[in-house]
>>> print(open('coords-v9.txt').read())   # compact mmCIF, C-alpha atoms
# COMPACT_ATOMS: atom_id res chain seq x y z
CA MET K 1 159.44 -195.22 -55.38
CA ARG K 2 162.27 -194.23 -53.05
CA ALA K 3 164.87 -191.50 -53.45
CA LYS K 4 168.18 -191.05 -51.69
CA ILE K 5 170.26 -187.92 -51.98
CA TRP K 6 173.98 -188.43 -52.59
CA GLY K 7 174.72 -184.82 -53.46
CA CYS K 8 172.70 -181.61 -53.33
CA ARG K 9 175.34 -178.90 -53.62
CA GLY K 10 175.22 -176.65 -56.67
CA SER K 11 177.91 -175.40 -59.03
CA LEU K 12 180.97 -176.73 -57.21
CA ALA K 13 181.68 -179.32 -54.55
CA ALA K 14 182.06 -177.60 -51.19
CA PRO K 15 183.41 -179.98 -48.55
CA GLY K 16 184.39 -178.59 -45.17
CA PRO K 17 183.29 -178.13 -41.60
CA GLU K 18 180.78 -175.44 -42.57
CA THR K 19 178.85 -177.79 -44.89
CA VAL K 20 178.82 -181.08 -42.99
CA ARG K 21 175.10 -181.08 -42.16
CA TYR K 22 173.79 -180.61 -45.68
CA GLY K 23 176.81 -181.91 -47.56
CA GLY K 24 179.30 -180.67 -50.10
CA ASN K 25 178.87 -183.12 -52.98
CA THR K 26 177.23 -181.96 -56.18
CA SER K 27 173.94 -183.21 -57.58
CA CYS K 28 173.14 -186.90 -57.49
CA ILE K 29 169.97 -188.74 -56.47
CA GLU K 30 169.48 -192.50 -56.35
CA ILE K 31 166.00 -193.60 -57.37
CA ARG K 32 164.58 -197.02 -56.56
CA PRO K 33 161.21 -197.49 -58.24
CA SER K 34 158.72 -200.20 -57.37
CA ASP K 35 160.44 -202.75 -59.60
CA GLY K 36 163.69 -202.29 -57.66
CA ARG K 37 165.85 -201.18 -60.57
CA LEU K 38 168.55 -198.54 -60.09
CA MET K 39 168.02 -195.13 -61.62
CA VAL K 40 170.21 -192.13 -60.90
CA ILE K 41 169.50 -188.48 -61.53
CA ASP K 42 172.64 -186.53 -62.36
CA ALA K 43 176.23 -187.61 -61.94
CA GLY K 44 177.79 -184.91 -59.79
CA THR K 45 180.45 -185.77 -57.25
CA GLY K 46 177.84 -187.49 -55.08
CA ILE K 47 177.69 -190.40 -57.50
CA ARG K 48 181.13 -191.55 -56.35
CA ASN K 49 179.77 -192.49 -52.94
CA LEU K 50 176.75 -194.14 -54.53
CA GLY K 51 179.12 -196.34 -56.53
CA VAL K 52 181.07 -197.22 -53.41
CA SER K 53 177.86 -198.16 -51.60
CA LEU K 54 176.83 -200.48 -54.43
CA GLY K 55 180.12 -202.37 -54.26
CA GLU K 56 180.64 -205.22 -56.62
CA HIS K 57 177.02 -206.32 -56.53
CA HIS K 58 175.54 -203.46 -58.47
CA PRO K 59 172.72 -204.10 -60.92
CA GLU K 60 173.76 -205.04 -64.41
CA ARG K 61 171.67 -202.24 -65.89
CA ILE K 62 171.78 -198.72 -64.50
CA ASP K 63 169.93 -195.74 -65.97
CA ILE K 64 171.37 -192.28 -65.38
CA LEU K 65 169.25 -189.24 -66.20
CA LEU K 66 171.38 -186.16 -66.80
CA SER K 67 169.72 -182.76 -66.51
CA HIS K 68 172.49 -181.04 -68.46
CA LEU K 69 176.20 -181.23 -69.06
CA HIS K 70 177.52 -178.53 -66.77
CA LEU K 71 180.44 -180.03 -64.88
CA ASP K 72 178.79 -180.17 -61.47
CA HIS K 73 176.26 -182.60 -62.94
CA ILE K 74 178.63 -184.96 -64.75
CA GLU K 75 182.04 -184.75 -63.10
CA GLY K 76 181.46 -187.73 -60.80
CA LEU K 77 180.72 -190.17 -63.60
CA GLY K 78 184.35 -191.11 -64.18
CA PHE K 79 184.56 -192.10 -60.49
CA PHE K 80 181.36 -194.17 -60.44
CA MET K 81 182.74 -197.67 -59.96
CA PRO K 82 180.20 -199.55 -62.13
CA ILE K 83 181.49 -197.87 -65.29
CA TRP K 84 184.80 -199.69 -64.80
CA ASP K 85 183.03 -203.04 -64.86
CA SER K 86 182.57 -204.54 -68.32
CA GLU K 87 179.43 -206.34 -67.12
CA THR K 88 177.64 -203.03 -66.57
CA GLU K 89 175.15 -201.70 -69.08
CA LEU K 90 174.89 -198.01 -68.39
CA HIS K 91 172.09 -196.09 -70.09
CA LEU K 92 172.72 -192.36 -70.14
CA TRP K 93 169.80 -190.06 -70.90
CA GLY K 94 170.18 -186.34 -71.41
CA PRO K 95 169.56 -183.34 -73.62
CA PRO K 96 171.37 -182.98 -76.92
CA SER K 97 172.49 -179.57 -78.14
CA PRO K 98 171.39 -178.28 -81.55
CA THR K 99 174.76 -179.34 -82.96
CA ARG K 100 175.88 -182.27 -80.80
CA SER K 101 174.32 -185.46 -79.55
CA LEU K 102 174.48 -186.33 -75.88
CA LYS K 103 177.32 -188.75 -76.61
CA GLU K 104 179.32 -186.10 -78.45
CA GLY K 105 178.78 -183.68 -75.59
CA MET K 106 179.85 -186.21 -72.96
CA SER K 107 182.91 -187.21 -74.94
CA GLN K 108 184.21 -183.66 -74.58
CA TYR K 109 184.52 -184.26 -70.85
CA PHE K 110 185.65 -187.87 -71.20
CA SER K 111 188.84 -187.10 -73.10
CA PRO K 112 192.26 -185.64 -72.37
CA PRO K 113 193.19 -183.16 -71.09
CA LEU K 114 190.02 -182.95 -68.97
CA PHE K 115 189.93 -186.68 -68.19
CA PRO K 116 192.67 -189.26 -68.79
CA VAL K 117 190.44 -191.86 -70.43
CA HIS K 118 188.53 -191.55 -73.68
CA LEU K 119 184.83 -192.33 -73.60
CA ASP K 120 185.33 -195.25 -75.98
CA GLU K 121 187.82 -196.83 -73.58
CA VAL K 122 185.37 -197.08 -70.68
CA PRO K 123 184.82 -200.81 -69.99
CA ALA K 124 181.09 -200.62 -69.28
CA LYS K 125 178.68 -200.77 -72.16
CA LEU K 126 177.48 -197.20 -72.53
CA VAL K 127 174.17 -196.56 -74.26
CA PHE K 128 173.40 -192.93 -74.96
CA HIS K 129 169.90 -191.62 -75.41
CA ASP K 130 169.03 -188.08 -76.43
CA VAL K 131 165.95 -187.54 -74.28
CA PRO K 132 162.76 -188.16 -76.28
CA GLN K 133 160.26 -185.39 -76.76
CA THR K 134 157.49 -187.60 -75.44
CA THR K 135 157.22 -189.69 -72.28
CA TRP K 136 158.98 -193.04 -72.18
CA GLU K 137 159.15 -196.03 -69.89
CA ILE K 138 162.05 -197.36 -67.85
CA GLY K 139 160.68 -200.46 -66.18
CA THR K 140 157.69 -199.38 -64.11
CA VAL K 141 158.61 -195.71 -64.31
CA THR K 142 157.10 -193.28 -66.77
CA VAL K 143 159.67 -190.59 -67.48
CA ARG K 144 159.14 -187.19 -68.97
CA ALA K 145 161.91 -184.71 -69.79
CA GLN K 146 161.25 -181.14 -70.77
CA PRO K 147 163.54 -178.17 -71.43
CA VAL K 148 163.71 -175.68 -68.57
CA ASN K 149 165.12 -172.20 -68.28
CA HIS K 150 168.85 -172.46 -67.60
CA PRO K 151 171.81 -171.54 -69.85
CA GLY K 152 172.52 -174.24 -72.44
CA PRO K 153 170.43 -177.32 -73.20
CA THR K 154 168.90 -178.29 -69.84
CA VAL K 155 165.95 -180.48 -68.93
CA GLY K 156 163.96 -181.24 -65.83
CA TYR K 157 162.50 -184.70 -65.19
CA ARG K 158 159.22 -186.03 -63.95
CA LEU K 159 159.16 -189.67 -62.81
CA GLU K 160 155.87 -191.42 -62.14
CA ASP K 161 155.58 -194.82 -60.53
CA GLU K 162 152.63 -196.45 -58.76
CA GLY K 163 150.64 -193.25 -58.82
CA LYS K 164 153.37 -191.09 -57.26
CA ALA K 165 155.25 -188.34 -59.06
CA LEU K 166 158.71 -186.99 -58.39
CA THR K 167 159.96 -183.91 -60.23
CA TYR K 168 163.57 -182.82 -60.44
CA ILE K 169 164.50 -179.33 -61.64
CA SER K 170 167.87 -178.69 -60.10
CA ASP K 171 168.99 -175.70 -62.18
CA HIS K 172 166.14 -173.39 -62.98
CA GLU K 173 165.34 -169.71 -63.29
CA PRO K 174 161.60 -169.70 -63.97
CA ALA K 175 161.17 -166.03 -63.03
CA LEU K 176 163.58 -164.66 -65.64
CA GLY K 177 161.66 -161.81 -67.23
CA LEU K 178 158.40 -162.87 -65.61
CA ASP K 179 156.34 -162.09 -62.58
CA LEU K 180 155.40 -165.65 -61.66
CA ARG K 181 152.31 -164.50 -59.81
CA ALA K 182 151.01 -162.38 -62.65
CA VAL K 183 151.56 -164.60 -65.66
CA SER K 184 149.31 -167.47 -66.69
CA PRO K 185 150.91 -170.71 -65.39
CA ASP K 186 151.21 -172.20 -68.86
CA TRP K 187 153.84 -169.51 -69.55
CA VAL K 188 156.04 -170.70 -66.68
CA SER K 189 159.07 -172.86 -67.44
CA GLY K 190 158.81 -176.22 -65.70
CA TYR K 191 155.12 -175.90 -64.89
CA ALA K 192 154.03 -179.03 -66.73
CA LEU K 193 156.79 -181.08 -65.14
CA ALA K 194 156.06 -180.00 -61.60
CA TYR K 195 152.29 -179.66 -61.53
CA GLY K 196 150.81 -181.79 -58.78
CA ALA K 197 154.03 -183.70 -58.12
CA ASP K 198 154.22 -185.41 -54.73
CA LEU K 199 157.82 -184.31 -54.37
CA LEU K 200 159.74 -181.53 -56.10
CA PHE K 201 163.50 -181.11 -56.00
CA HIS K 202 164.05 -177.50 -56.99
CA ASP K 203 166.85 -175.00 -57.37
CA SER K 204 167.18 -172.87 -54.22
CA GLN K 205 170.56 -171.33 -54.89
CA TYR K 206 170.14 -167.69 -53.93
CA THR K 207 168.69 -165.47 -51.26
CA GLU K 208 166.44 -162.75 -52.60
CA ASP K 209 169.25 -160.18 -52.21
CA GLU K 210 171.82 -162.38 -53.95
CA TYR K 211 169.49 -163.00 -56.86
CA LEU K 212 169.31 -159.28 -57.65
CA HIS K 213 172.97 -159.47 -58.67
CA ARG K 214 172.70 -162.80 -60.49
CA VAL K 215 169.72 -162.42 -62.77
CA GLY K 216 170.23 -164.53 -65.87
CA TRP K 217 172.65 -166.95 -64.25
CA GLY K 218 170.04 -169.69 -64.47
CA HIS K 219 169.13 -170.14 -60.81
CA SER K 220 166.32 -169.24 -58.45
CA SER K 221 165.87 -167.04 -55.47
CA ILE K 222 164.14 -168.49 -52.44
CA ALA K 223 161.10 -166.34 -53.17
CA ASP K 224 160.81 -167.53 -56.78
CA MET K 225 161.32 -171.12 -55.74
CA VAL K 226 158.47 -170.89 -53.23
CA THR K 227 156.19 -169.15 -55.72
CA PHE K 228 156.94 -171.78 -58.35
CA ALA K 229 156.15 -174.59 -55.90
CA LEU K 230 152.92 -172.94 -54.80
CA ILE K 231 151.60 -172.35 -58.31
CA THR K 232 152.47 -175.90 -59.32
CA LYS K 233 150.71 -177.25 -56.21
CA VAL K 234 153.41 -179.74 -55.28
CA GLY K 235 153.05 -182.05 -52.32
CA HIS K 236 156.45 -181.35 -50.82
CA LEU K 237 159.26 -179.02 -51.85
CA LEU K 238 162.87 -179.98 -51.31
CA MET K 239 165.31 -177.08 -51.56
CA PHE K 240 168.14 -178.34 -53.75
CA HIS K 241 171.35 -177.14 -55.46
CA HIS K 242 172.71 -175.25 -52.48
CA ASP K 243 175.18 -172.50 -53.34
CA PRO K 244 178.78 -173.57 -52.57
CA LEU K 245 179.28 -170.37 -50.58
CA HIS K 246 176.36 -171.07 -48.24
CA SER K 247 177.21 -172.63 -44.90
CA ASP K 248 174.84 -174.90 -42.99
CA GLU K 249 173.81 -171.95 -40.84
CA GLN K 250 173.06 -169.82 -43.87
CA LEU K 251 170.98 -172.61 -45.42
CA GLU K 252 168.88 -172.78 -42.27
CA VAL K 253 168.29 -169.03 -42.42
CA MET K 254 167.16 -169.52 -46.02
CA LEU K 255 164.85 -172.33 -44.94
CA ALA K 256 163.28 -170.06 -42.35
CA ARG K 257 162.72 -167.39 -44.99
CA ALA K 258 161.22 -169.96 -47.35
CA ARG K 259 158.82 -171.11 -44.63
CA GLU K 260 157.82 -167.52 -43.99
CA LEU K 261 156.98 -167.13 -47.68
CA TRP K 262 155.30 -170.51 -47.77
CA GLY K 263 152.79 -169.28 -45.18
CA THR K 264 150.03 -171.54 -44.01
CA GLU K 265 150.05 -173.90 -46.97
CA PRO K 266 149.40 -177.39 -45.63
CA ASN K 267 152.22 -179.04 -47.52
CA GLY K 268 155.80 -178.85 -46.43
CA LEU K 269 159.21 -177.80 -47.55
CA SER K 270 162.64 -178.92 -46.38
CA LEU K 271 166.32 -178.56 -47.12
CA SER K 272 167.90 -181.41 -49.04
CA TYR K 273 170.87 -183.02 -47.34
CA GLU K 274 173.25 -185.81 -48.22
CA GLY K 275 171.95 -189.12 -47.01
CA MET K 276 168.33 -187.99 -46.94
CA GLU K 277 165.94 -190.78 -47.95
CA ILE K 278 162.37 -190.33 -49.05
CA ASP K 279 159.83 -193.08 -49.65
CA LEU K 280 157.04 -191.67 -51.78
CA ALA K 281 154.83 -194.66 -51.10
CA VAL K 282 154.70 -193.85 -47.40
CA GLU K 283 152.54 -191.01 -46.20
CA ARG K 284 154.63 -189.33 -43.58
CA GLU K 285 156.14 -186.03 -42.62
CA LEU K 286 159.43 -185.48 -44.34
CA PRO K 287 162.35 -184.52 -42.15
CA ILE K 288 162.74 -180.77 -41.74
CA ALA K 289 166.48 -180.62 -41.18
CA ALA K 290 169.51 -182.80 -41.29
CA ASP K 291 170.46 -184.60 -38.12
CA MET Y 1 149.01 -179.83 -67.60
CA GLN Y 2 149.73 -177.93 -70.77
CA GLN Y 3 152.66 -175.57 -70.95
CA LYS Y 4 154.10 -173.37 -73.67
CA SER Y 5 157.35 -174.44 -75.26
CA LEU Y 6 160.35 -172.99 -73.44
CA VAL Y 7 161.36 -171.35 -76.72
CA LEU Y 8 158.09 -169.41 -76.76
CA ILE Y 9 158.45 -168.53 -73.08
CA LEU Y 10 161.89 -167.07 -73.77
CA ALA Y 11 160.65 -165.37 -76.94
CA ARG Y 12 157.90 -163.66 -74.98
CA ASP Y 13 160.48 -162.40 -72.51
CA LEU Y 14 162.56 -161.08 -75.39
CA ALA Y 15 159.51 -159.48 -77.00
CA ASP Y 16 158.73 -157.62 -73.81
CA LYS Y 17 162.23 -156.16 -73.72
CA LEU Y 18 162.58 -155.20 -77.40
CA ALA Y 19 161.78 -151.76 -78.73
CA SER Y 20 160.19 -153.48 -81.71
CA ALA Y 21 156.70 -154.78 -82.23
CA VAL Y 22 156.65 -158.57 -81.91
CA LEU Y 23 153.86 -161.09 -82.39
CA LEU Y 24 154.18 -164.78 -81.49
CA VAL Y 25 152.31 -167.82 -82.72
CA ASP Y 26 152.72 -171.42 -81.63
CA GLY Y 27 153.43 -174.29 -84.00
CA ALA Y 28 149.73 -174.92 -84.53
CA GLY Y 29 149.18 -171.38 -85.74
CA THR Y 30 147.54 -169.99 -82.64
CA LEU Y 31 148.32 -166.40 -81.80
CA VAL Y 32 149.77 -166.70 -78.29
CA TYR Y 33 151.17 -163.24 -77.59
CA PHE Y 34 152.03 -159.80 -78.91
CA ASN Y 35 153.81 -157.05 -77.05
CA GLU Y 36 152.63 -153.53 -76.28
CA LEU Y 37 154.37 -152.01 -79.29
CA ALA Y 38 152.61 -154.44 -81.56
CA GLY Y 39 149.37 -153.54 -79.85
CA GLU Y 40 149.95 -149.87 -80.65
CA ILE Y 41 150.44 -150.62 -84.34
CA LEU Y 42 147.55 -153.06 -84.52
CA GLY Y 43 145.21 -150.93 -82.47
CA GLN Y 44 144.45 -153.72 -79.99
CA SER Y 45 146.07 -155.00 -76.83
CA PHE Y 46 146.80 -158.69 -76.35
CA GLY Y 47 144.57 -158.63 -73.29
CA GLU Y 48 141.66 -157.66 -75.53
CA VAL Y 49 142.43 -160.34 -78.09
CA GLY Y 50 143.67 -163.32 -76.06
CA GLU Y 51 144.83 -166.58 -77.59
CA VAL Y 52 143.02 -167.22 -80.86
CA PRO Y 53 143.80 -169.04 -84.10
CA LEU Y 54 145.79 -166.72 -86.32
CA ASP Y 55 143.39 -167.02 -89.25
CA GLU Y 56 140.47 -166.08 -87.04
CA TRP Y 57 142.24 -163.06 -85.58
CA ALA Y 58 143.48 -161.93 -88.99
CA LYS Y 59 139.89 -161.50 -90.18
CA ALA Y 60 139.80 -158.30 -88.16
CA PHE Y 61 142.41 -156.79 -90.49
CA ILE Y 62 142.48 -156.05 -94.19
CA ALA Y 63 145.89 -156.41 -95.80
CA LEU Y 64 146.52 -154.57 -99.06
CA ASP Y 65 149.52 -154.16 -101.27
CA PHE Y 66 150.58 -150.63 -102.06
CA SER Y 67 148.43 -150.52 -105.16
CA GLY Y 68 145.38 -151.28 -103.05
CA THR Y 69 144.96 -154.92 -104.05
CA PRO Y 70 144.06 -157.27 -101.20
CA VAL Y 71 146.89 -159.54 -100.05
CA PRO Y 72 145.62 -163.11 -99.55
CA PHE Y 73 145.96 -164.41 -96.00
CA GLU Y 74 148.21 -167.20 -97.28
CA GLN Y 75 150.69 -164.63 -98.59
CA LEU Y 76 151.27 -162.87 -95.29
CA PRO Y 77 154.82 -163.49 -94.03
CA LEU Y 78 153.86 -165.19 -90.79
CA VAL Y 79 151.42 -167.52 -92.51
CA ARG Y 80 154.03 -168.45 -95.11
CA THR Y 81 156.57 -169.09 -92.35
CA LEU Y 82 154.24 -171.44 -90.53
CA LYS Y 83 153.56 -173.27 -93.78
CA ASP Y 84 157.07 -173.70 -95.18
CA GLN Y 85 159.07 -173.23 -91.92
CA ALA Y 86 161.28 -170.59 -93.54
CA PRO Y 87 161.73 -166.87 -92.88
CA HIS Y 88 159.80 -164.36 -94.95
CA HIS Y 89 159.70 -160.62 -95.24
CA SER Y 90 157.37 -158.19 -96.95
CA ALA Y 91 155.85 -154.76 -96.64
CA PHE Y 92 152.17 -154.02 -97.05
CA ARG Y 93 149.32 -151.86 -95.86
CA ILE Y 94 146.80 -152.89 -93.22
CA LYS Y 95 143.46 -151.52 -92.23
CA THR Y 96 143.01 -152.03 -88.50
CA PRO Y 97 139.70 -152.86 -86.81
CA ALA Y 98 139.46 -149.18 -85.88
CA GLY Y 99 139.70 -148.24 -89.56
CA ASP Y 100 143.25 -146.83 -89.43
CA MET Y 101 145.53 -147.45 -92.41
CA ARG Y 102 149.12 -148.39 -91.55
CA ASP Y 103 152.03 -149.21 -93.83
CA ILE Y 104 154.09 -151.90 -92.14
CA ALA Y 105 157.09 -154.06 -92.88
CA VAL Y 106 157.05 -157.56 -91.41
CA THR Y 107 159.78 -160.16 -90.94
CA ALA Y 108 158.63 -163.60 -89.84
CA LEU Y 109 161.04 -166.14 -88.33
CA PRO Y 110 160.40 -169.81 -87.55
CA PHE Y 111 161.38 -171.17 -84.12
CA PHE Y 112 162.74 -174.69 -83.88
CA ALA Y 113 163.32 -176.34 -80.50
CA ARG Y 114 164.99 -179.16 -82.38
CA SER Y 115 165.81 -179.31 -86.04
CA ASP Y 116 162.60 -181.21 -86.76
CA GLU Y 117 160.37 -179.52 -84.19
CA LEU Y 118 158.73 -176.24 -85.17
CA VAL Y 119 157.33 -174.83 -81.93
CA GLY Y 120 156.20 -171.48 -83.28
CA ALA Y 121 157.17 -168.34 -85.09
CA ALA Y 122 157.63 -164.64 -84.49
CA ALA Y 123 156.66 -161.70 -86.62
CA ILE Y 124 158.68 -158.56 -86.00
CA PHE Y 125 157.13 -155.52 -87.56
CA TRP Y 126 157.28 -151.79 -87.62
CA ASP Y 127 155.85 -148.80 -89.42
CA HIS Y 128 157.18 -148.84 -92.94
CA ASN Y 129 158.74 -145.52 -93.83
CA PRO Y 130 158.93 -144.99 -97.62
CA ALA Y 131 161.45 -142.18 -97.15
CA GLU Y 132 163.98 -144.69 -95.91
CA PRO Y 133 165.20 -147.12 -98.56
CA SER Y 134 164.76 -150.71 -97.56
CA VAL Y 135 167.87 -152.79 -97.06
CA LEU Y 136 165.97 -155.84 -98.22
CA ALA Y 137 165.72 -156.41 -101.91
CA ASN Y 138 162.21 -157.82 -101.90
CA VAL Y 139 160.68 -154.91 -100.05
CA GLU Y 140 158.76 -152.64 -102.30
CA ASP Y 141 158.47 -149.05 -101.21
CA PRO Y 142 154.85 -148.00 -101.10
CA PRO Y 143 153.74 -145.41 -103.59
CA GLN Y 144 152.59 -142.10 -102.24
CA ARG Y 145 148.95 -141.89 -101.39
CA ALA Y 146 146.67 -139.53 -103.20
CA ASP Y 147 146.85 -137.10 -100.33
CA GLY Y 148 150.60 -136.87 -100.77
CA THR Y 149 151.57 -138.75 -97.61
>>> encode(input="coords-v9.txt", output="structure tokens")
Amino acid sequence: MRAKIWGCRGSLAAPGPETVRYGGNTSCIEIRPSDGRLMVIDAGTGIRNLGVSLGEHHPERIDILLSHLHLDHIEGLGFFMPIWDSETELHLWGPPSPTRSLKEGMSQYFSPPLFPVHLDEVPAKLVFHDVPQTTWEIGTVTVRAQPVNHPGPTVGYRLEDEGKALTYISDHEPALGLDLRAVSPDWVSGYALAYGADLLFHDSQYTEDEYLHRVGWGHSSIADMVTFALITKVGHLLMFHHDPLHSDEQLEVMLARARELWGTEPNGLSLSYEGMEIDLAVERELPIAAD
Amino acid sequence: MQQKSLVLILARDLADKLASAVLLVDGAGTLVYFNELAGEILGQSFGEVGEVPLDEWAKAFIALDFSGTPVPFEQLPLVRTLKDQAPHHSAFRIKTPAGDMRDIAVTALPFFARSDELVGAAAIFWDHNPAEPSVLANVEDPPQRADGT
């Protein structure tokens, strides 16, 4: 299973000279499992470039896993070229709300005045799936979705293929009301999704000082992110969902702080950056910073 | 790896911040948590009790109506809520493991993660004060005890 990051910025796209190393596009990861199919996690602005890279020869079927319907995770979908191709079969997976299905939620964005085209007018065949409560299969991949602590219906994903596990929890505040070190792990949001994963993409939005003023906003401090990764015993932690106000230099300061907290643990942690590619089947050191 | 439902995780956080006694069970009827205020009323801390099936834990208590007649386990609000997935409220008297008698009012609420998925329930309870009229029609005020209290 391979993963390529097309967007790792949180909340709002943040292009500019101060974000060129780690990128300004919002959440989007391309997944290529062992059977070669195309899966995508989240449809932030990064998905536009993914669509461009696919060109006209994209797979007929594409599965997109949406963590939630906040704009930074769906706003690129209307600019993902395959949806304008009637030959495309696009399967969209995501959490329903207690009152609306995933399709009903998405149609709020895909309608005027927010978007010029109605969802029903999109040429591609769209197939909506409210995420099941149990694991399911997409080709060779076993997928599990589970609610995680973030405002509104939000899930994290665990993808397993050929004995490797990738977990994605982009928007997550596991320490809300809890001391992660003191509580039994089964009381920690996201624990079952992340436990023992080879690779974890996790919310790293705030410094410890920033978090003090943003408790309840649904995101993690660096310290809570590291603690979560340590108690879930992940193989490698990728800091994800960078705050739009954080420059490249600030992200590297945060990485240094995270490494300090990480201590002498043998496994690694890195900053996500646009264009980063990870092959879970290959045992190798992951890159520690963007080129 | 097993993990509690996110609804229960959030409910525990709420319970720890409320100035009300709260007890939580999961959808299978296992007592998974009660807060310090509940511990004061029940005469036990959650650390002493741990996670146990509700029916097993309840054996430590004797529930009586205000005429002194035992209340069957199945009639307790939380047990009814787990069974029929609906809220219930009642007031009754308990004898704690330490032998203390307490008059309590209990409201039990079911928790659904999805409309068809009961993940647990909460019982919110407090000392029942007969001097204060209940706002709930089905709450019976306890009669005075023989000692006039």
>>> residues_around(input="coords-v9.txt", residues="K:Ala281", least_positions_apart="3", cutoff="9 Å", atoms="all atoms listed in the file", output="ChimeraX atom specification")
/K:1-2,162-164,278
>>> write_last_selection(input="coords-v9.txt", atoms="C-alpha atoms", output="tab-separated table (two decimals), in the coordinates of the input")
chain	number	residue	atom	x	y	z
K	1	MET	CA	159.44	-195.22	-55.38
K	2	ARG	CA	162.27	-194.23	-53.05
K	162	GLU	CA	152.63	-196.45	-58.76
K	163	GLY	CA	150.64	-193.25	-58.82
K	164	LYS	CA	153.37	-191.09	-57.26
K	278	ILE	CA	162.37	-190.33	-49.05
>>> atom_distance(input="coords-v9.txt", atom1="atom CA of Y:Arg93", atom2="atom CA of Y:Leu64")
5.0 Å
>>> atom_distance(input="coords-v9.txt", atom1="atom CA of Y:Leu37", atom2="atom CA of Y:Asp55")
21.1 Å
>>> closest_residue(input="coords-v9.txt", among="Y:Glu48, Y:Leu42, Y:Phe73, Y:Ala113", to="Y:Ile94", atoms="all atoms listed in the file")
Y:Leu42
>>> residues_around(input="coords-v9.txt", residues="stretch 256-271 of chain K", least_positions_apart="2", cutoff="10 Å", atoms="all atoms listed in the file", output="PyMOL selection string")
chain K and resi 8+22+198-201+204+207-208+221-227+229-230+233-242+250-254+273+276+285-290
>>> closest_atom_pairs(input="coords-v9.txt", of="chain Y", to="chain K", cutoff="10 Å", atoms="all atoms listed in the file", output="JSON lines")
{"residue": "Y:Met1", "atom": "CA", "partner": "K:Ala192", "partner_atom": "CA", "distance": 5.2}
{"residue": "Y:Gln2", "atom": "CA", "partner": "K:Ala192", "partner_atom": "CA", "distance": 6.0}
{"residue": "Y:Gln3", "atom": "CA", "partner": "K:Asp186", "partner_atom": "CA", "distance": 4.2}
{"residue": "Y:Lys4", "atom": "CA", "partner": "K:Trp187", "partner_atom": "CA", "distance": 5.7}
{"residue": "Y:Ser5", "atom": "CA", "partner": "K:Ser189", "partner_atom": "CA", "distance": 8.2}
{"residue": "Y:Leu6", "atom": "CA", "partner": "K:Ser189", "partner_atom": "CA", "distance": 6.1}
{"residue": "Y:Val7", "atom": "CA", "partner": "K:Pro147", "partner_atom": "CA", "distance": 8.9}
{"residue": "Y:Leu8", "atom": "CA", "partner": "K:Trp187", "partner_atom": "CA", "distance": 8.4}
{"residue": "Y:Ile9", "atom": "CA", "partner": "K:Trp187", "partner_atom": "CA", "distance": 5.9}
{"residue": "Y:Leu10", "atom": "CA", "partner": "K:Asn149", "partner_atom": "CA", "distance": 8.2}
{"residue": "Y:Arg12", "atom": "CA", "partner": "K:Gly177", "partner_atom": "CA", "distance": 8.8}
{"residue": "Y:Asp13", "atom": "CA", "partner": "K:Gly177", "partner_atom": "CA", "distance": 5.4}
{"residue": "Y:Leu14", "atom": "CA", "partner": "K:Gly177", "partner_atom": "CA", "distance": 8.2}
{"residue": "Y:Asp16", "atom": "CA", "partner": "K:Gly177", "partner_atom": "CA", "distance": 8.3}
{"residue": "Y:Lys17", "atom": "CA", "partner": "K:Gly177", "partner_atom": "CA", "distance": 8.6}
{"residue": "Y:Phe112", "atom": "CA", "partner": "K:Pro98", "partner_atom": "CA", "distance": 9.7}
{"residue": "Y:Ala113", "atom": "CA", "partner": "K:Pro98", "partner_atom": "CA", "distance": 8.4}
{"residue": "Y:Arg114", "atom": "CA", "partner": "K:Pro98", "partner_atom": "CA", "distance": 6.5}
{"residue": "Y:Ser115", "atom": "CA", "partner": "K:Pro98", "partner_atom": "CA", "distance": 7.2}
{"residue": "Y:Glu117", "atom": "CA", "partner": "K:Gln133", "partner_atom": "CA", "distance": 9.5}
>>> closest_residue(input="coords-v9.txt", among="Y:Gly27, Y:Gly68, Y:Gly50, Y:Gly39", to="Y:Asp103", atoms="all atoms listed in the file")
Y:Gly68
>>> atom_distance(input="coords-v9.txt", atom1="atom CA of Y:Asp26", atom2="atom CA of Y:Asn129")
29.3 Å
>>> residues_near_point(input="coords-v9.txt", point="(174.7, -189.1, -58.7)", cutoff="9 Å", atoms="all atoms listed in the file", output="PyMOL selection string")
chain K and resi 5-7+26-30+40-51+64+73-74+76-77+80
>>> closest_residue(input="coords-v9.txt", among="K:Leu280, K:Leu245, K:Ala175, K:Val183", to="K:Lys4", atoms="all atoms listed in the file")
K:Leu280
>>> residues_near_point(input="coords-v9.txt", point="(173.5, -205.6, -63.8)", cutoff="9 Å", atoms="all atoms listed in the file", output="list in words")
His57, His58, Pro59, Glu60, Arg61, Ile62, Glu87, Thr88, Glu89 and Leu90 of chain K
